[in-house]
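First up is the structure itself, then whatever we jot down about it.
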Number of protein chains: 2
Amino acid sequence: MNKKISTESYKGVRDFYPEDMFVEKFIWNTWRTVCERFGYVEYNASILEPAELYKAKSGEEIVNEQTYTFTDRGDREVTLRPEMTPTVARMVAGKQHDLIFPLRWFSIPNLFRYEKPQRGRLREHWQLNVDMFGVDSGEADMEILSVAHAIMRQFGAQENDFSIRINSRKLMQDVYAHFKLNEDQSYKVSKIIDKKDKIPADVFLASLTEVMGDTAGQLTDILSSNERLLDTLGKDNKNVVALLNTIETLEKSGIKNLEFNPTLMRGFDYYTGMVFEVFDTNTENPRSVFGGGRYDDLLDIFDARKVPAVGFGAGDVTIRDFLETHKLLPAYKATTDIYICTLGAEFAEHARELADILRKPSEKYPYGLNVALDLSGKKIGDQIKIASKQSIPFTLVVGSDEIASGLYPVKNLSDGVEKKVKVEEVADVVRK
Amino acid sequence: MNKKISTESYKGVRDFYPEDMFVEKFIWNTWRTVCERFGYVEYNASILEPAELYKAKSGEEIVNEQTYTFTDRGDREVTLRPEMTPTVARMVAGKQHDLIFPLRWFSIPNLFRYEKPQRGRLREHWQLNVDMFGVDSGEADMEILSVAHAIMRQFGAQENDFSIRINSRKLMQDVYAHFKLNEDQSYKVSKIIDKKDKIPADVFLASLTEVMGDTAGQLTDILSSNERLLDTLGKDNKNVVALLNTIETLEKSGIKNLEFNPTLMRGFDYYTGMVFEVFDTNTENPRSVFGGGRYDDLLDIFDARKVPAVGFGAGDVTIRDFLETHKLLPAYKATTDIYICTLGAEFAEHARELADILRKPSEKYPYGLNVALDLSGKKIGDQIKIASKQSIPFTLVVGSDEIASGLYPVKNLSDGVEKKVKVEEVADVVRK
């Protein structure tokens, strides 16, 4: 009656079949493990936000062209959140008087951007957000950098697979002040520096010259040598001291791949201090994996007192690309431990009873086994094929001999080794 | 410069502060544990779906007034999914030739309905979806019922806290046939039966009479007695046999709270066989917690071969109400195990090193501890207050005496008991 419809998903978003979901959960669980290890607690919110949340932040009347914004039937303008920071700022501001600071919070929200789908940029992606609210010291900056580093290590990345580039917006303000740039010039110069690695050297110089005249050459010069830049500001400049202290302290704690990079800017205007970026050092595809920084003024858009904040966001698509490039993605394995096959429909009840026993937590195995029962009614060989193709690691066969002897053949499908064991020994074989 | 904006969330959706997220994760993890225990694997998809997915299903040209549907800038009609079943049907149909059946799949998606927010009905909620594809036998129905039952038990519900009401759409077709009702009459009668418990007896009878005339009394009569109804159809009616077999088999496996209820209909038109509902037996607030059933024809809307399916959906808001009513919600506890306090800024480095050691997995504790460092710079008493108010169970204090002796006071904040231990013994105290 109905015309047949397409099985395609909406453009630029992903379906997560169990194999895809496995990778996604590997990423989320790694994020979650590290964040919790550092004492961060999880929060969440709806993807629907009042559109004014983003208007207020950008200071413009029109919400960015790149967001999904629509008017609901109650005439409210709603946006599918394009990033989590405005949401978490709203939540912190909203309960500012009840919350116990400092807060260590993380979340793994899905975010929406209305843009042309391309490698690393989808219309929907998931993003780890890690933030500390209420501490304005360098200690907090260092901890956030440590969390970023620990995440990469937990994924299995070696120290030389990535570097952490670090800069300070405050230190750069001192650089602009050294060249006597006004606020407008400083802003423009920062945007040009942000593009330095993507444009030819002559275009870079010409763009700078347009804003700051003849001194552009000097700035280009000091940007190319960290030592000269730090010398220019003076070793006792407090922002230089803070930056060097951060790098030195973290090196002592074993983080060896941190590097000062004065051309690292990060896109968001709301950063006020330390900014950083985890950078893939793969020579074939060097690029940013994720980053963040300090943003002490964001709660100003609400009627709230100032709360210093530092944090970062890491997207699932970019991290997945990194893990694929560096061959760090684990192979798919079903969460199911064992598949019970039967030699005939008359053994169904016994198989069900067996499954119930194996699923029960015991003293020795507090989690019990994850057990699937064959209900296909197929021949035994085909039942085993189902288990194998669904990446279930073990099978167990039930027939009259097995019921009579109380010994069940448990087969490891990866090496074909079969053992005949009692019910109470099945978990030993599977969990070994 | 900007006018201050509200910290309220969008109407009818929820912010999940860590305490709320704790409850949400308790619910999700319980769902996940039980589904995996029965061999189900997790999938997911985007919340954005082509609007035609829902048009096709309802057979109407206009998408239901209760969905969020908007037109994107590429002139595509997009819907925020109001339920997961069309999405999973789309995914299964789309890879029908690659997937290995039977499939046991589950997901915990968020769903959107544009309706007036009220108790148990929000604009966004999360819902467990559990489905088996590719088995048309009663064995599959029984397993799905077992999963529903196991979930309630895993939440801590006792057998008499809930009942599982079961019916069969096929059996009801036999009832309609007994009264010689045509298709249109059958449909109307089913909708009236669905409302039986919510309308007065005389209104019920009058409505039935309007559709089926004088035989309405007889139907009302047999609906009030399961025995009479089954006798009317005959004990050898195959749908009666199937239903009684399901109930009897599950009773044998220990599920004692299953009851046949011929007035149980379930709203969705797509059900084709067994339907069920988990019912809260609390006398003060008796109501449906969740339910599902068999739907063998849903993949027809795609260009796909028939795939029998059975499953259910369980919403987080209703389950949370159930858990609150029955006092089954656990008290909030931070995921953080221990909070390290310092007796002065000069001990920060030592505290950081200590945290690093405690976080590392060991042979004995393969997960390491979740450790937060105090960065507040407050007095020691206030540091401990922060830990206590953030529901972190233990504190550890670092000062010159502790560093000199290598013995750190670890305090259990719930009973105030303090023990002085070496670094390598901290996990023993915390994990005990």
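Every chain in the structure tokens takes a letter, A first, then B, and so on in the order presented; its residues are numbered from 1, and the ligands are numbered from 1 following the presented order.
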Please, which residues in chain B fall within 6 Å of chain A when counting only C-alpha atoms, and what is the closest atom pair and distance in Å to one decimal for each, ordered by chain then residue number, as a Markdown table?
```
| residue | atom | partner | partner_atom | distance |
| --- | --- | --- | --- | --- |
| B:Lys4 | CA | A:Phe302 | CA | 4.9 |
| B:Ile5 | CA | A:Phe302 | CA | 5.2 |
| B:Thr7 | CA | A:Gly94 | CA | 5.0 |
| B:Tyr10 | CA | A:Glu49 | CA | 5.3 |
| B:Asp15 | CA | A:Ala45 | CA | 4.4 |
| B:Phe16 | CA | A:Asn44 | CA | 4.8 |
| B:Tyr17 | CA | A:Tyr43 | CA | 5.1 |
| B:Pro18 | CA | A:Tyr43 | CA | 4.8 |
| B:Met21 | CA | A:Tyr43 | CA | 5.5 |
| B:Glu36 | CA | A:Asn370 | CA | 5.7 |
| B:Arg37 | CA | A:Asn370 | CA | 3.9 |
| B:Phe38 | CA | A:Val371 | CA | 5.3 |
| B:Gly39 | CA | A:Ala372 | CA | 4.3 |
| B:Glu42 | CA | A:Pro18 | CA | 5.6 |
| B:Tyr43 | CA | A:Pro18 | CA | 4.8 |
| B:Asn44 | CA | A:Phe16 | CA | 4.8 |
| B:Ala45 | CA | A:Asp15 | CA | 4.4 |
| B:Glu49 | CA | A:Tyr10 | CA | 5.3 |
| B:Pro50 | CA | A:Tyr10 | CA | 5.5 |
| B:Arg90 | CA | A:Thr7 | CA | 5.1 |
| B:Gly94 | CA | A:Thr7 | CA | 5.1 |
| B:Ile301 | CA | A:Lys4 | CA | 5.4 |
| B:Phe302 | CA | A:Lys4 | CA | 4.9 |
| B:Asp303 | CA | A:Lys4 | CA | 5.6 |
| B:Thr336 | CA | A:Gly39 | CA | 4.9 |
| B:Asn370 | CA | A:Arg37 | CA | 3.9 |
| B:Val371 | CA | A:Gly39 | CA | 5.1 |
| B:Ala372 | CA | A:Gly39 | CA | 4.3 |
```
With N, CA and C atoms retained, could you export that selection as an mmCIF file, in the first residue's frame?
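selection.cif, freshly written:
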```cif
data_model
loop_
_atom_site.group_PDB
_atom_site.id
_atom_site.type_symbol
_atom_site.label_atom_id
_atom_site.label_comp_id
_atom_site.auth_asym_id
_atom_site.auth_seq_id
_atom_site.Cartn_x
_atom_site.Cartn_y
_atom_site.Cartn_z
ATOM 1 N N LYS B 4 21.761 40.139 29.866
ATOM 2 C CA LYS B 4 21.943 38.850 30.542
ATOM 3 C C LYS B 4 20.859 37.879 30.094
ATOM 4 N N ILE B 5 21.220 36.620 29.925
ATOM 5 C CA ILE B 5 20.221 35.657 29.473
ATOM 6 C C ILE B 5 19.903 34.627 30.544
ATOM 7 N N THR B 7 19.145 31.181 32.669
ATOM 8 C CA THR B 7 19.853 29.915 32.867
ATOM 9 C C THR B 7 18.884 28.720 32.828
ATOM 10 N N TYR B 10 15.563 24.513 28.013
ATOM 11 C CA TYR B 10 14.416 24.570 27.114
ATOM 12 C C TYR B 10 13.243 23.853 27.774
ATOM 13 N N ASP B 15 18.049 19.095 32.626
ATOM 14 C CA ASP B 15 19.495 19.174 32.845
ATOM 15 C C ASP B 15 19.848 18.035 33.787
ATOM 16 N N PHE B 16 20.946 17.352 33.507
ATOM 17 C CA PHE B 16 21.397 16.290 34.401
ATOM 18 C C PHE B 16 22.654 16.739 35.138
ATOM 19 N N TYR B 17 22.457 17.330 36.316
ATOM 20 C CA TYR B 17 23.590 17.636 37.192
ATOM 21 C C TYR B 17 24.159 16.299 37.661
ATOM 22 N N PRO B 18 25.383 16.264 38.188
ATOM 23 C CA PRO B 18 25.984 14.962 38.530
ATOM 24 C C PRO B 18 25.069 14.044 39.350
ATOM 25 N N MET B 21 22.581 12.673 36.947
ATOM 26 C CA MET B 21 23.252 11.793 35.997
ATOM 27 C C MET B 21 23.558 10.444 36.654
ATOM 28 N N GLU B 36 22.895 -7.393 28.041
ATOM 29 C CA GLU B 36 24.118 -8.114 27.660
ATOM 30 C C GLU B 36 24.127 -9.513 28.265
ATOM 31 N N ARG B 37 23.582 -9.655 29.450
ATOM 32 C CA ARG B 37 23.495 -10.961 30.111
ATOM 33 C C ARG B 37 22.711 -11.958 29.241
ATOM 34 N N PHE B 38 21.730 -11.440 28.500
ATOM 35 C CA PHE B 38 20.918 -12.294 27.620
ATOM 36 C C PHE B 38 21.467 -12.346 26.187
ATOM 37 N N GLY B 39 22.666 -11.820 25.991
ATOM 38 C CA GLY B 39 23.295 -11.931 24.674
ATOM 39 C C GLY B 39 22.907 -10.861 23.670
ATOM 40 N N GLU B 42 24.714 -3.896 21.609
ATOM 41 C CA GLU B 42 24.226 -2.512 21.550
ATOM 42 C C GLU B 42 24.435 -1.881 20.176
ATOM 43 N N TYR B 43 23.446 -1.110 19.733
ATOM 44 C CA TYR B 43 23.565 -0.315 18.503
ATOM 45 C C TYR B 43 23.116 1.096 18.842
ATOM 46 N N ASN B 44 23.239 1.996 17.890
ATOM 47 C CA ASN B 44 22.789 3.368 18.118
ATOM 48 C C ASN B 44 22.585 4.027 16.763
ATOM 49 N N ALA B 45 22.026 5.195 16.747
ATOM 50 C CA ALA B 45 21.837 5.942 15.504
ATOM 51 C C ALA B 45 21.691 7.404 15.871
ATOM 52 N N GLU B 49 16.311 11.961 11.683
ATOM 53 C CA GLU B 49 15.832 10.983 10.708
ATOM 54 C C GLU B 49 15.057 11.712 9.608
ATOM 55 N N PRO B 50 15.113 11.178 8.366
ATOM 56 C CA PRO B 50 14.259 11.756 7.329
ATOM 57 C C PRO B 50 12.789 11.655 7.773
ATOM 58 N N ARG B 90 14.702 0.360 9.899
ATOM 59 C CA ARG B 90 15.450 0.913 8.758
ATOM 60 C C ARG B 90 16.859 0.330 8.694
ATOM 61 N N GLY B 94 18.216 -2.133 5.865
ATOM 62 C CA GLY B 94 19.304 -1.605 5.050
ATOM 63 C C GLY B 94 20.484 -2.553 4.894
ATOM 64 N N ILE B 301 7.641 -1.655 5.085
ATOM 65 C CA ILE B 301 7.655 -0.278 4.573
ATOM 66 C C ILE B 301 8.909 -0.019 3.752
ATOM 67 N N PHE B 302 9.916 -0.885 3.900
ATOM 68 C CA PHE B 302 11.125 -0.775 3.080
ATOM 69 C C PHE B 302 11.052 -1.834 1.993
ATOM 70 N N ASP B 303 11.939 -1.750 1.058
ATOM 71 C CA ASP B 303 11.980 -2.752 0.007
ATOM 72 C C ASP B 303 12.798 -3.931 0.538
ATOM 73 N N THR B 336 34.310 9.542 42.282
ATOM 74 C CA THR B 336 35.618 9.788 42.874
ATOM 75 C C THR B 336 35.751 8.999 44.178
ATOM 76 N N ASN B 370 40.084 6.449 41.744
ATOM 77 C CA ASN B 370 39.685 7.731 41.178
ATOM 78 C C ASN B 370 39.998 8.810 42.206
ATOM 79 N N VAL B 371 40.972 9.643 41.875
ATOM 80 C CA VAL B 371 41.542 10.560 42.867
ATOM 81 C C VAL B 371 41.380 12.016 42.440
ATOM 82 N N ALA B 372 40.806 12.836 43.309
ATOM 83 C CA ALA B 372 40.747 14.283 43.074
ATOM 84 C C ALA B 372 41.712 14.975 44.016
#
```
Spatial neighbours of Glu346 in chain A, max dist 12 Å, only C-alpha atoms, sep filter under 3 positions, as number ranges by chain: A: 342-343, 349-352, 377, 398-400, 403
Please, could you write that set of residues out with N, CA and C atoms as a CSV table (one decimal), in the first residue's frame?
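Ended up saving to selection29.csv:
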```
chain,number,residue,atom,x,y,z
A,342,THR,N,21.8,-26.2,20.5
A,342,THR,CA,21.1,-27.4,20.9
A,342,THR,C,21.0,-28.4,19.7
A,343,LEU,N,21.0,-29.7,20.1
A,343,LEU,CA,21.0,-30.7,19.1
A,343,LEU,C,19.5,-31.1,18.7
A,349,GLU,N,14.4,-26.6,26.7
A,349,GLU,CA,14.2,-26.2,28.1
A,349,GLU,C,15.5,-26.4,28.9
A,350,HIS,N,16.2,-27.5,28.7
A,350,HIS,CA,17.4,-27.7,29.4
A,350,HIS,C,18.4,-26.6,29.0
A,351,ALA,N,18.5,-26.2,27.8
A,351,ALA,CA,19.4,-25.1,27.4
A,351,ALA,C,19.0,-23.8,28.1
A,352,ARG,N,17.7,-23.5,28.2
A,352,ARG,CA,17.3,-22.3,28.9
A,352,ARG,C,17.7,-22.3,30.4
A,377,GLY,N,16.8,-22.7,15.3
A,377,GLY,CA,16.2,-24.0,14.8
A,377,GLY,C,17.0,-24.6,13.7
A,398,VAL,N,24.3,-28.6,23.7
A,398,VAL,CA,23.4,-29.4,24.5
A,398,VAL,C,22.7,-30.5,23.7
A,399,GLY,N,22.9,-31.7,24.1
A,399,GLY,CA,22.1,-32.8,23.5
A,399,GLY,C,21.9,-33.9,24.5
A,400,SER,N,21.4,-35.1,24.1
A,400,SER,CA,21.1,-36.1,25.1
A,400,SER,C,22.3,-36.6,25.9
A,403,ILE,N,23.4,-34.1,28.5
A,403,ILE,CA,22.5,-34.0,29.6
A,403,ILE,C,22.8,-35.2,30.5
```
Contacts of Glu159 in chain B within 8 Å, only C-alpha atoms, excl. fewer than 3 positions in-chain, as a list in words: Arg153, Phe162, Ser163, Lys256 and Asn257 of chain B
Got time to write the residues from that selection, N, CA and C atoms, as a compact mmCIF listing (two decimals), in the first residue's frame?
```txt
# COMPACT_ATOMS: atom_id res chain seq x y z
N ARG B 153 13.76 -7.26 38.19
CA ARG B 153 14.40 -7.92 39.32
C ARG B 153 15.77 -7.31 39.59
N PHE B 162 5.37 -5.96 40.96
CA PHE B 162 4.88 -5.74 39.59
C PHE B 162 4.28 -7.03 39.05
N SER B 163 3.48 -6.90 38.00
CA SER B 163 3.00 -8.08 37.30
C SER B 163 3.26 -7.87 35.81
N LYS B 256 6.72 -15.84 38.28
CA LYS B 256 5.43 -16.20 38.87
C LYS B 256 4.37 -15.11 38.69
N ASN B 257 4.78 -13.94 38.18
CA ASN B 257 3.84 -12.82 38.17
C ASN B 257 3.32 -12.48 36.77
```
For Val240 in chain A: contacts at 9 Å, only C-alpha atoms, fewer than 6 positions along chain excluded, given as a list in words: Ser168, Leu171, Leu230, Leu233 and Gly234 of chain A
Of the listed residues B:Tyr270, B:Phe260, B:Trp126, B:Tyr176, that which approaches Asp296 in chain B most closely, counting only C-alpha atoms: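 So, comparing all the options, the nearest one is B:Tyr270.
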Shell of 9 Å around Val421 in chain B, only C-alpha atoms, local chain residues under 5 positions omitted, as a ChimeraX atom specification: /B:406-410,426,429
